[in-house]
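S.K.: After the structure tokens below, expect a handful of questions from me.
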2 protein chains.
Amino acid sequence: MEERTPRRPRIADVAREAGVSKTAVSFAFNSPDRLAPETASRILDVADSLGYRPHPVARMLTQRHTHTIGVLTPQALSVIFSNPFFGAFSEGVALAAEQEGYALHFISPLHGSLASAMGRATVDGVVVIGLSADHPEVEQIRAAGVPLAMVDCTALPDQPSVVVEDEGGARSAAEHLLALGHRDFLVVGVEPPLPGAKLDPEGVMGKRLKGYLSALAAHGLELPDHAVVVGPASIEGGIAAMRRAYEDGLRPTAVLAMSDAMAIGVLRAARELGLRVPEDLSVVGFDDIDIAQHTNPPLTTVHQPIRQKGESAVRLLLSVVERRDIRSEQLRLETRLMVRGSTGPAPRRRQEVVRVPS
Amino acid sequence: MEERTPRRPRIADVAREAGVSKTAVSFAFNSPDRLAPETASRILDVADSLGYRPHPVARMLTQRHTHTIGVLTPQALSVIFSNPFFGAFSEGVALAAEQEGYALHFISPLHGSLASAMGRATVDGVVVIGLSADHPEVEQIRAAGVPLAMVDCTALPDQPSVVVEDEGGARSAAEHLLALGHRDFLVVGVEPPLPGAKLDPEGVMGKRLKGYLSALAAHGLELPDHAVVVGPASIEGGIAAMRRAYEDGLRPTAVLAMSDAMAIGVLRAARELGLRVPEDLSVVGFDDIDIAQHTNPPLTTVHQPIRQKGESAVRLLLSVVERRDIRSEQLRLETRLMVRGSTGPAPRRRQEVVRVPS
DNA sequence: AATCTCCCCTAAACCGGTTTGCTAAACCGG
DNA sequence: CCGGTTTAGCAAACCGGTTTAGGGGAGATT
């Protein structure tokens, strides 16, 4: 006569075993002070002996919140997690979430649909990264009444958001190279997630490009279209982009990369092409990920507070989730050029790159 | 006379508005074929106009599963996410999870308690990484009836697990250096998460150390205790470890690092100490993270299939979650030495390191 | 002795869905 | 015209908890 279904014990089982009501058991776990001390501890003992744990889903249902925040990205997590930028960002998100007692739930397209993934997600709010404001998904989330905080996008005026000075940072990178005498540039950009799509001028990469261009324009320079190559934001992407540029006959003295990972790829490709950095070629990245200071030579790059971005996004989000603060803040963080070893004076010899006189 | 509480519409609201029962609404969403086509689409229209989405938590409660898997780590996520190893591992986990239609939930100690974090987590199963089998938490999870898959730990015979050939990989690393003529070694290890704890001989680091030692022993060599330094598994940790070793007077010709991040730190510290790699010093890492092939010089290291580890763990886990397969598999994956540029023949000059004759 | 408090605990409603079991009407062949 | 099968939809039970409103008894107050 064995018990055939070792099913999970419920609150009713504990109540029966302890000879009390379900309410009492609930009190024992959630507000023990509403029970006589010995009753509470007896209930807890019984619960323990039965191996009872309150069912988290049932609890969520009645308490109306999940103590979980979501991180929403339009790309598959499997491509995202290998990105050091995302790692650092998640670090910031996790730090704030952990401090506030929230768990982390990553939301990415399931079976191709971000909407259905979002529909399944049991979160109190979401941090949205890598999505432009006009993405239909974002509107849907808002309509569903789920609080959200946007990262790298400020287009929703009544929503909390965190952005960085992308344009200014990019400008300072280009100015740095211009001051070193460089005139022949190659811009290495991150391609949009959807193949074929044009660089969104309001997106992060669009702003960085704008920053580069405005610095060049101030020196009477223009950037020919073919001096902009794009690829995936990875070391391999950077290698491929640099090789392609060389095969196309470009011989820049300086490379402006929109991501550190790609800059590291450029460093690598340059070495293979027999170019010394920074003597023959200067390279500047963007983001200042951790390894940037440990490359050889150390990478000159535009620092942005990646971790803080994640942390602030969560703080902003929680302030509306917990209704501590209704007004939604728009945070704008600074960027800062970190001059290290990968940039130097432009070499003397002239390059054959197209240049437009002012 | 405005509606004051724009509360989320419930299934009953849709039912009333459409003039049908709750059941019909539920059917419209979940098994439309049980309804007349026009009824179903009318209900869906009403739902849409009301902005109704089925409540995911309520749905979880009745359906008895969450379509979410947890990743459990004993360390704070904020320290974990910056680790490239973990990034690659998560990539594998995410890949398998996404393919199977599961979302990802990261579980780390909340307010210092892994148990309470686990108690709140609404997951169908967990992938456990970095936890030894005798950790009280693991027992608790099993007792709670939550399916789990252990990574890097095989101690639970009736649980699915994924491990790699740590000892063999470490041995091959040491043998490679021995074959190059090295006799004076420094081992750079990853410190246990709890300060002061001794290296768990059954843990990953313990096995790697055992592998190093057995290769040395086969050549009649012993490793003095002071030739093993430990630190956090990061670039900084590697730099600090190498510096400390030098300050202690050690002058090894070869470094065996238990993690690539630390090996990269060693590379960096060596450069600062004026040592050429591999002419003056050989360095071999462990893991073969992505950047290992892009360091300067490219890092010789022991490859382990990190992504596959994550992927397999999820597959194994889901096979028990979905009861497709009751027998729990124990997977053991191979490691493989990747010889690259950071190792070379031992330099001629003898070092003053302590050496025990055979 | 009656009333008031306070303490400890409970019954029942509720959270927002899904699922089971059933019924009434439509359909069908003979 | 009749019994049998389908079809379309409903009411109620259920998932596993929390919370509200309130009841009974003991001690304090009048």
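Following the order of the structure tokens, first chain is A, next is B, and so on, with residues numbered from 1 inside each chain and ligands from 1 in the order they appear.
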Mind listing as a list in words which residues of chain C are within 6 Å of chain B, counting only C-alpha atoms (C1' of nucleotides)?

M.R.: DG16, DG17 and DT18 of chain C

S.K.: May I have the residues from that selection written out with C-alpha atoms (C1' of nucleotides), as a compact mmCIF listing (two decimals), in the first residue's frame?

M.R.:
```txt
# COMPACT_ATOMS: atom_id res chain seq x y z
C1' DG C 16 -7.12 34.65 -13.79
C1' DG C 17 -7.01 31.38 -16.24
C1' DT C 18 -7.91 25.83 -18.11
```

S.K.: Residues of chain D near chain A: apply a cut-off of 7 Å, count only C-alpha atoms (C1' of nucleotides), and supply the list as a PyMOL selection string.

M.R.: chain D and resi 16-18

S.K.: Name all residues at most 10 Å from Leu148 in chain B (count only C-alpha atoms (C1' of nucleotides); drop same-chain ones fewer than 5 positions away) and give them as a PDB file with C-alpha atoms, in the first residue's frame.

M.R.:
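result_27.pdb was written with the following content:
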```
ATOM      1  CA  ILE B  69      14.404  26.849 -17.472  1.00  0.00           C
ATOM      2  CA  GLY B  70      16.631  28.210 -14.776  1.00  0.00           C
ATOM      3  CA  VAL B  71      20.372  28.606 -14.716  1.00  0.00           C
ATOM      4  CA  LEU B  72      21.587  28.311 -11.157  1.00  0.00           C
ATOM      5  CA  ASP B 124      10.422  23.718 -15.021  1.00  0.00           C
ATOM      6  CA  GLY B 125      13.980  22.670 -14.299  1.00  0.00           C
ATOM      7  CA  VAL B 126      17.418  24.041 -13.601  1.00  0.00           C
ATOM      8  CA  VAL B 127      20.879  23.782 -15.051  1.00  0.00           C
ATOM      9  CA  VAL B 128      23.290  23.912 -12.166  1.00  0.00           C
ATOM     10  CA  VAL B 138      21.367  20.820  -4.611  1.00  0.00           C
ATOM     11  CA  ILE B 141      16.260  21.217  -5.162  1.00  0.00           C
ATOM     12  CA  ARG B 142      16.117  17.511  -5.643  1.00  0.00           C
ATOM     13  CA  GLN B 159      20.997  12.867 -12.206  1.00  0.00           C
ATOM     14  CA  PRO B 160      21.849  14.024 -15.705  1.00  0.00           C
ATOM     15  CA  SER B 161      25.185  15.751 -15.881  1.00  0.00           C
ATOM     16  CA  ALA B 313      22.911  20.341 -20.316  1.00  0.00           C
ATOM     17  CA  VAL B 314      19.665  21.877 -21.520  1.00  0.00           C
ATOM     18  CA  LEU B 316      19.465  16.468 -20.982  1.00  0.00           C
ATOM     19  CA  LEU B 317      17.400  18.562 -18.639  1.00  0.00           C
ATOM     20  CA  LEU B 318      14.503  18.889 -21.030  1.00  0.00           C
ATOM     21  CA  VAL B 320      13.563  14.635 -18.079  1.00  0.00           C
ATOM     22  CA  VAL B 321      11.377  17.733 -17.805  1.00  0.00           C
TER      23      VAL B 321
END
```

S.K.: Output as a list in words all residues of range 18-183 of chain B that backbone DSSP marks as strand (DSSP E).

M.R.: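 DSSP-assigned strand (DSSP E) residues in range 18-183 of chain B: Thr68, Ile69, Gly70, Val71, Leu72, Ala103, Leu104, His105, Phe106, Ile107, Gly125, Val126, Val127, Val128, Ile129, Leu148, Ala149, Met150, Val151, Ser161, Val162, Val163 and Val164 of chain B.
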
S.K.: Could the residues of chain A that have an atom at most 8 Å from chain B be listed as JSON lines, each with its closest atom pair and the distance in Å to one decimal, counting only C-alpha atoms and ordered by chain and ascending residue number?

M.R.:
```
{"residue": "A:Arg8", "atom": "CA", "partner": "B:Gly145", "partner_atom": "CA", "distance": 7.7}
{"residue": "A:Gly51", "atom": "CA", "partner": "B:Ala144", "partner_atom": "CA", "distance": 6.9}
{"residue": "A:Tyr52", "atom": "CA", "partner": "B:Ala144", "partner_atom": "CA", "distance": 7.9}
{"residue": "A:Arg53", "atom": "CA", "partner": "B:Gly119", "partner_atom": "CA", "distance": 7.3}
{"residue": "A:Pro54", "atom": "CA", "partner": "B:Gly119", "partner_atom": "CA", "distance": 8.0}
{"residue": "A:Pro56", "atom": "CA", "partner": "B:Arg120", "partner_atom": "CA", "distance": 5.4}
{"residue": "A:Val57", "atom": "CA", "partner": "B:Leu61", "partner_atom": "CA", "distance": 6.0}
{"residue": "A:Ala58", "atom": "CA", "partner": "B:Leu61", "partner_atom": "CA", "distance": 6.3}
{"residue": "A:Met60", "atom": "CA", "partner": "B:Val57", "partner_atom": "CA", "distance": 7.0}
{"residue": "A:Leu61", "atom": "CA", "partner": "B:Val57", "partner_atom": "CA", "distance": 6.0}
{"residue": "A:Ala76", "atom": "CA", "partner": "B:Glu98", "partner_atom": "CA", "distance": 7.9}
{"residue": "A:Leu77", "atom": "CA", "partner": "B:Ala94", "partner_atom": "CA", "distance": 5.7}
{"residue": "A:Ser78", "atom": "CA", "partner": "B:Glu91", "partner_atom": "CA", "distance": 4.4}
{"residue": "A:Val79", "atom": "CA", "partner": "B:Glu91", "partner_atom": "CA", "distance": 6.9}
{"residue": "A:Ile80", "atom": "CA", "partner": "B:Glu91", "partner_atom": "CA", "distance": 7.6}
{"residue": "A:Phe81", "atom": "CA", "partner": "B:Gly87", "partner_atom": "CA", "distance": 5.2}
{"residue": "A:Ser82", "atom": "CA", "partner": "B:Gly87", "partner_atom": "CA", "distance": 5.3}
{"residue": "A:Asn83", "atom": "CA", "partner": "B:Gly87", "partner_atom": "CA", "distance": 7.8}
{"residue": "A:Pro84", "atom": "CA", "partner": "B:Pro84", "partner_atom": "CA", "distance": 7.4}
{"residue": "A:Gly87", "atom": "CA", "partner": "B:Phe81", "partner_atom": "CA", "distance": 5.2}
{"residue": "A:Ala88", "atom": "CA", "partner": "B:Ser82", "partner_atom": "CA", "distance": 5.6}
{"residue": "A:Ser90", "atom": "CA", "partner": "B:Phe81", "partner_atom": "CA", "distance": 6.4}
{"residue": "A:Glu91", "atom": "CA", "partner": "B:Ser78", "partner_atom": "CA", "distance": 4.4}
{"residue": "A:Gly92", "atom": "CA", "partner": "B:Ser78", "partner_atom": "CA", "distance": 6.6}
{"residue": "A:Val93", "atom": "CA", "partner": "B:Ser78", "partner_atom": "CA", "distance": 7.8}
{"residue": "A:Ala94", "atom": "CA", "partner": "B:Ser78", "partner_atom": "CA", "distance": 5.2}
{"residue": "A:Leu95", "atom": "CA", "partner": "B:Ser78", "partner_atom": "CA", "distance": 5.0}
{"residue": "A:Glu98", "atom": "CA", "partner": "B:Leu110", "partner_atom": "CA", "distance": 6.1}
{"residue": "A:Gln99", "atom": "CA", "partner": "B:His111", "partner_atom": "CA", "distance": 7.4}
{"residue": "A:Gly101", "atom": "CA", "partner": "B:Leu110", "partner_atom": "CA", "distance": 5.9}
{"residue": "A:Tyr102", "atom": "CA", "partner": "B:Leu110", "partner_atom": "CA", "distance": 7.8}
{"residue": "A:Ala103", "atom": "CA", "partner": "B:Ile107", "partner_atom": "CA", "distance": 6.7}
{"residue": "A:Leu104", "atom": "CA", "partner": "B:Phe106", "partner_atom": "CA", "distance": 5.6}
{"residue": "A:His105", "atom": "CA", "partner": "B:His105", "partner_atom": "CA", "distance": 4.5}
{"residue": "A:Phe106", "atom": "CA", "partner": "B:Leu104", "partner_atom": "CA", "distance": 5.6}
{"residue": "A:Ile107", "atom": "CA", "partner": "B:Ala103", "partner_atom": "CA", "distance": 6.7}
{"residue": "A:Ser108", "atom": "CA", "partner": "B:Ala103", "partner_atom": "CA", "distance": 7.9}
{"residue": "A:Leu110", "atom": "CA", "partner": "B:Gly101", "partner_atom": "CA", "distance": 5.9}
{"residue": "A:His111", "atom": "CA", "partner": "B:Gly101", "partner_atom": "CA", "distance": 6.8}
{"residue": "A:Ala117", "atom": "CA", "partner": "B:Ala103", "partner_atom": "CA", "distance": 7.8}
{"residue": "A:Gly119", "atom": "CA", "partner": "B:Pro56", "partner_atom": "CA", "distance": 6.9}
{"residue": "A:Arg120", "atom": "CA", "partner": "B:Pro56", "partner_atom": "CA", "distance": 5.4}
{"residue": "A:Ala121", "atom": "CA", "partner": "B:Pro56", "partner_atom": "CA", "distance": 6.7}
{"residue": "A:Thr122", "atom": "CA", "partner": "B:Pro56", "partner_atom": "CA", "distance": 6.1}
{"residue": "A:Ala143", "atom": "CA", "partner": "B:Gly51", "partner_atom": "CA", "distance": 7.4}
{"residue": "A:Ala144", "atom": "CA", "partner": "B:Gly51", "partner_atom": "CA", "distance": 7.0}
{"residue": "A:Gly145", "atom": "CA", "partner": "B:Arg8", "partner_atom": "CA", "distance": 7.8}
{"residue": "A:Arg268", "atom": "CA", "partner": "B:His294", "partner_atom": "CA", "distance": 6.9}
{"residue": "A:His294", "atom": "CA", "partner": "B:Arg268", "partner_atom": "CA", "distance": 6.9}
{"residue": "A:Thr295", "atom": "CA", "partner": "B:Thr295", "partner_atom": "CA", "distance": 6.9}
{"residue": "A:Asn296", "atom": "CA", "partner": "B:Asn296", "partner_atom": "CA", "distance": 6.3}
```

S.K.: Set the distance at 12 Å and use only C-alpha atoms (C1' of nucleotides): which residues neighbour range 3-14 of chain D once local chain neighbours fewer than 6 positions away are removed? I'd like the list as a VMD selection string.

M.R.: (chain B and resid 15 19 to 28 32 to 40 61 to 63) or (chain C and resid 17 to 30)

S.K.: Those same residues - C-alpha atoms (C1' of nucleotides) - I'd like them written as a PDB file, in the first residue's frame.

M.R.:
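This is the output file part.pdb:
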```
ATOM      1  CA  ALA B  15     -16.611  36.689 -22.368  1.00  0.00           C
ATOM      2  CA  GLY B  19     -21.696  37.239 -25.112  1.00  0.00           C
ATOM      3  CA  VAL B  20     -20.073  33.858 -24.557  1.00  0.00           C
ATOM      4  CA  SER B  21     -18.697  31.871 -21.655  1.00  0.00           C
ATOM      5  CA  LYS B  22     -15.155  32.038 -20.309  1.00  0.00           C
ATOM      6  CA  THR B  23     -14.687  28.575 -21.698  1.00  0.00           C
ATOM      7  CA  ALA B  24     -15.396  29.790 -25.199  1.00  0.00           C
ATOM      8  CA  VAL B  25     -12.827  32.554 -24.865  1.00  0.00           C
ATOM      9  CA  SER B  26     -10.275  30.092 -23.617  1.00  0.00           C
ATOM     10  CA  PHE B  27     -11.038  27.830 -26.534  1.00  0.00           C
ATOM     11  CA  ALA B  28     -10.726  30.689 -28.970  1.00  0.00           C
ATOM     12  CA  PRO B  32     -10.051  27.309 -31.901  1.00  0.00           C
ATOM     13  CA  ASP B  33     -11.170  24.149 -33.685  1.00  0.00           C
ATOM     14  CA  ARG B  34     -13.543  23.436 -30.851  1.00  0.00           C
ATOM     15  CA  LEU B  35     -15.525  26.507 -31.775  1.00  0.00           C
ATOM     16  CA  ALA B  36     -17.424  27.535 -34.871  1.00  0.00           C
ATOM     17  CA  PRO B  37     -14.961  29.502 -36.991  1.00  0.00           C
ATOM     18  CA  GLU B  38     -16.979  32.706 -36.945  1.00  0.00           C
ATOM     19  CA  THR B  39     -17.482  32.487 -33.183  1.00  0.00           C
ATOM     20  CA  ALA B  40     -13.770  32.049 -32.639  1.00  0.00           C
ATOM     21  CA  LEU B  61      -0.729  27.829 -12.797  1.00  0.00           C
ATOM     22  CA  THR B  62      -3.286  25.744 -14.622  1.00  0.00           C
ATOM     23  CA  GLN B  63      -0.960  24.309 -17.202  1.00  0.00           C
TER      24      GLN B  63
ATOM     25  C1'  DG C  17      -7.009  31.377 -16.241  1.00  0.00           C
ATOM     26  C1'  DT C  18      -7.910  25.828 -18.113  1.00  0.00           C
ATOM     27  C1'  DT C  19     -10.357  21.555 -18.250  1.00  0.00           C
ATOM     28  C1'  DT C  20     -13.934  18.208 -17.431  1.00  0.00           C
ATOM     29  C1'  DG C  21     -18.405  16.646 -18.016  1.00  0.00           C
ATOM     30  C1'  DC C  22     -22.529  17.601 -19.911  1.00  0.00           C
ATOM     31  C1'  DT C  23     -26.543  19.353 -22.710  1.00  0.00           C
ATOM     32  C1'  DA C  24     -29.146  21.100 -26.434  1.00  0.00           C
ATOM     33  C1'  DA C  25     -29.419  21.430 -31.127  1.00  0.00           C
ATOM     34  C1'  DA C  26     -28.136  19.979 -35.680  1.00  0.00           C
ATOM     35  C1'  DC C  27     -27.214  16.295 -38.634  1.00  0.00           C
ATOM     36  C1'  DC C  28     -27.604  11.636 -40.566  1.00  0.00           C
ATOM     37  C1'  DG C  29     -28.889   7.266 -42.417  1.00  0.00           C
ATOM     38  C1'  DG C  30     -32.551   4.105 -42.716  1.00  0.00           C
TER      39       DG C  30
END
```
